[in-house]
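*Asks:* Hey, dropping structure-v9.txt in here, compact mmCIF, C-alpha atoms:
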```txt
# COMPACT_ATOMS: atom_id res chain seq x y z
CA MET A 214 0.00 0.00 0.00
CA ALA A 215 1.44 3.36 -1.04
CA ARG A 216 1.90 6.02 1.56
CA LYS A 217 -0.39 9.03 1.23
CA LEU A 218 1.46 12.28 0.60
CA THR A 219 0.80 15.18 2.94
CA TYR A 220 1.77 18.74 2.25
CA ASP A 221 1.05 20.27 5.63
CA LYS A 222 4.54 19.85 7.07
CA ASN A 223 5.47 23.51 6.54
CA MET A 224 1.95 24.91 6.50
CA ASN A 225 0.86 27.45 9.12
CA ASN A 226 4.42 28.04 10.28
CA ASP A 227 4.31 31.76 9.57
CA VAL A 228 6.04 34.15 11.92
CA ILE A 229 5.97 37.92 12.02
CA LEU A 230 9.12 39.36 10.46
CA CYS A 231 8.45 43.04 11.04
CA ARG A 232 5.84 45.71 11.65
CA THR A 233 5.68 49.27 10.44
CA TYR A 234 3.34 52.24 10.52
CA ASN A 235 4.77 53.73 7.35
CA GLU A 236 3.31 52.55 4.04
CA LEU A 237 6.42 53.51 2.07
CA ALA A 238 8.71 51.51 4.37
CA GLY A 239 6.42 48.50 4.02
CA LYS A 240 6.55 48.73 0.23
CA HIS A 241 10.36 48.97 0.21
CA ALA A 242 10.69 46.00 2.56
CA CYS A 243 8.31 43.87 0.46
CA ARG A 244 10.07 44.81 -2.77
CA HIS A 245 13.44 43.91 -1.26
CA LEU A 246 12.14 40.53 -0.02
CA LEU A 247 10.72 39.85 -3.46
CA ASN A 248 14.08 40.66 -5.10
CA GLU A 249 15.76 38.21 -2.71
CA SER A 250 13.20 35.48 -3.67
CA ILE A 251 11.69 35.27 -0.19
CA SER A 252 7.97 34.63 0.00
CA TYR A 253 5.98 36.79 2.40
CA SER A 254 2.48 37.89 3.27
CA LYS A 255 1.57 41.47 4.04
CA SER A 256 -1.50 42.51 5.99
CA TRP A 257 -2.81 45.70 7.52
CA MET A 258 -4.24 45.51 11.03
CA HIS A 259 -6.75 48.15 12.10
CA ILE A 260 -6.22 49.45 15.62
CA PRO A 261 -9.27 50.38 17.71
CA PHE A 262 -9.47 53.97 18.90
CA PHE A 263 -8.86 53.26 22.59
CA LEU A 264 -5.75 51.12 21.92
CA ARG A 265 -3.98 53.68 19.73
CA SER A 266 -1.94 55.03 22.64
CA ARG A 267 0.05 51.75 22.61
CA PHE A 268 0.77 52.18 18.89
CA LYS A 269 1.90 55.83 18.94
CA GLY A 270 -1.50 57.09 17.80
CA HIS A 271 -1.54 55.26 14.46
CA SER A 272 -4.76 53.77 13.15
CA GLU A 273 -3.20 50.94 11.09
CA VAL A 274 -0.13 48.72 11.32
CA CYS A 275 1.47 46.88 8.39
CA ILE A 276 2.52 43.34 9.38
CA ILE A 277 4.90 41.35 7.16
CA SER A 278 4.93 37.60 7.85
CA ILE A 279 7.17 34.90 6.42
CA ASN A 280 7.67 31.16 6.76
CA ARG A 281 9.66 30.13 9.80
CA ASN A 282 12.25 28.35 7.60
CA ASP A 283 13.10 31.60 5.78
CA TYR A 284 13.42 33.77 8.91
CA HIS A 285 17.21 34.09 9.03
CA THR A 286 17.51 34.71 5.30
CA ALA A 287 14.85 37.41 5.44
CA ARG A 288 16.43 39.04 8.47
CA ARG A 289 19.76 39.27 6.64
CA ALA A 290 17.97 40.66 3.59
CA LEU A 291 16.40 43.45 5.66
CA GLU A 292 19.85 44.48 6.91
CA ASP A 293 20.71 45.49 3.32
CA LEU A 294 17.96 48.13 3.24
CA GLU A 295 18.75 51.83 3.45
CA PRO A 296 19.11 53.10 7.05
CA ARG A 297 16.20 55.53 6.72
CA ILE A 298 13.88 52.67 5.70
CA ARG A 299 15.30 50.19 8.21
CA ARG A 300 14.70 52.65 11.08
CA ARG A 301 10.98 52.64 10.32
CA LEU A 302 10.71 48.85 10.58
CA ALA A 303 10.16 47.16 13.94
CA VAL A 304 11.89 43.82 13.28
CA ASN A 305 10.72 40.91 15.39
CA ARG A 306 13.42 39.23 17.48
CA LEU A 307 12.16 35.66 17.21
CA TYR A 308 15.48 33.87 17.44
CA ALA A 309 17.71 36.50 19.03
CA VAL A 310 21.18 35.05 19.52
```
Translate the structure of the given file into structure tokens.
*Replies:*
Amino acid sequence: MARKLTYDKNMNNDVILCRTYNELAGKHACRHLLNESISYSKSWMHIPFFLRSRFKGHSEVCIISINRNDYHTARRALEDLEPRIRRRLAVNRLYAV
């Protein structure tokens, strides 16, 4: 009897790479990840009015997520960005060494 193939080994292993309030910084980061052949997903999270004090008064946050296996490659790719763009990204420290 042949073994049934499953494709869910690396499914739902997404981690947050970075967050930003600036739309331009999010576009630059996504373009750079795309040039480095790193797959990502980008989403905008709406912040309720009474929680905006935690997020510096912003109404939306851009969240860039990647697969857990590509985390270190993507982190190194973000280090190549311009300093003015990199300052606007809040990079997640998932595996801080």
*Asks:* Report the distance between atom CA of A:Ile279 and atom CA of A:Tyr234 in Å, rounded to one decimal place.
*Replies:* 18.2 Å
*Asks:* Work out how far apart atom CA of A:Val304 and atom CA of A:Pro261 are and give it in Å to one decimal.
*Replies:*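 Taking atom CA of A:Val304 and atom CA of A:Pro261, their separation equals 22.6 Å.
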*Asks:* Could you tell me how far atom CA of A:Glu273 sits from atom CA of A:Ala290, in Å to one decimal place?
*Replies:*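 Computing it gives 24.7 Å between the two atoms.
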*Asks:* Please identify all polymer residues within 8 Å of A:Arg281, counting all atoms listed in the file, omitting same-chain residues fewer than 3 positions from it, and present them as an NGL selection string.
*Replies:* :A and (226-228 or 284)
*Asks:* Please determine, counting all atoms listed in the file, which residue among A:Arg232, A:His285, A:Arg267, A:His259 has the shortest atom-to-atom distance to A:Arg299.
*Replies:*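 For A:Arg299, the nearest of the candidates is A:Arg232.
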*Asks:* Near A:Gly239, counting only C-alpha atoms, which residues have an atom at most 10 Å away, once you skip same-chain residues fewer than 2 positions from it, shown as a list of chain:residue names?
*Replies:*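 That gives A:Cys231, A:Arg232, A:Thr233, A:Tyr234, A:Asn235, A:Glu236, A:Leu237, A:His241, A:Ala242, A:Cys243, A:Arg244, A:His245, A:Lys255, A:Val274, A:Cys275, A:Ile276, A:Ile277, A:Ile298, A:Arg299, A:Arg301, A:Leu302.
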*Asks:* Write out, as a CSV table (one decimal), in the coordinates of the input, the residues just selected, with C-alpha atoms.
*Replies:*
```
chain,number,residue,atom,x,y,z
A,231,CYS,CA,8.4,43.0,11.0
A,232,ARG,CA,5.8,45.7,11.6
A,233,THR,CA,5.7,49.3,10.4
A,234,TYR,CA,3.3,52.2,10.5
A,235,ASN,CA,4.8,53.7,7.4
A,236,GLU,CA,3.3,52.6,4.0
A,237,LEU,CA,6.4,53.5,2.1
A,241,HIS,CA,10.4,49.0,0.2
A,242,ALA,CA,10.7,46.0,2.6
A,243,CYS,CA,8.3,43.9,0.5
A,244,ARG,CA,10.1,44.8,-2.8
A,245,HIS,CA,13.4,43.9,-1.3
A,255,LYS,CA,1.6,41.5,4.0
A,274,VAL,CA,-0.1,48.7,11.3
A,275,CYS,CA,1.5,46.9,8.4
A,276,ILE,CA,2.5,43.3,9.4
A,277,ILE,CA,4.9,41.4,7.2
A,298,ILE,CA,13.9,52.7,5.7
A,299,ARG,CA,15.3,50.2,8.2
A,301,ARG,CA,11.0,52.6,10.3
A,302,LEU,CA,10.7,48.8,10.6
```
*Asks:* Between A:Ser252, A:Glu292, A:Asn282, A:Arg300, which residue has the minimum interatomic distance to A:Ala238, considering only C-alpha atoms?
*Replies:* A:Arg300
*Asks:* Residues near A:Ile260, anyone? I mean within 10 Å using all atoms listed in the file, not counting same-chain ones fewer than 4 positions away, as a CSV table (one decimal) with C-alpha atoms, in the coordinates of the input.
*Replies:*
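Result file part_13.csv:
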```csv
chain,number,residue,atom,x,y,z
A,264,LEU,CA,-5.8,51.1,21.9
A,265,ARG,CA,-4.0,53.7,19.7
A,266,SER,CA,-1.9,55.0,22.6
A,267,ARG,CA,0.0,51.8,22.6
A,268,PHE,CA,0.8,52.2,18.9
A,270,GLY,CA,-1.5,57.1,17.8
A,271,HIS,CA,-1.5,55.3,14.5
A,272,SER,CA,-4.8,53.8,13.2
A,273,GLU,CA,-3.2,50.9,11.1
A,274,VAL,CA,-0.1,48.7,11.3
```
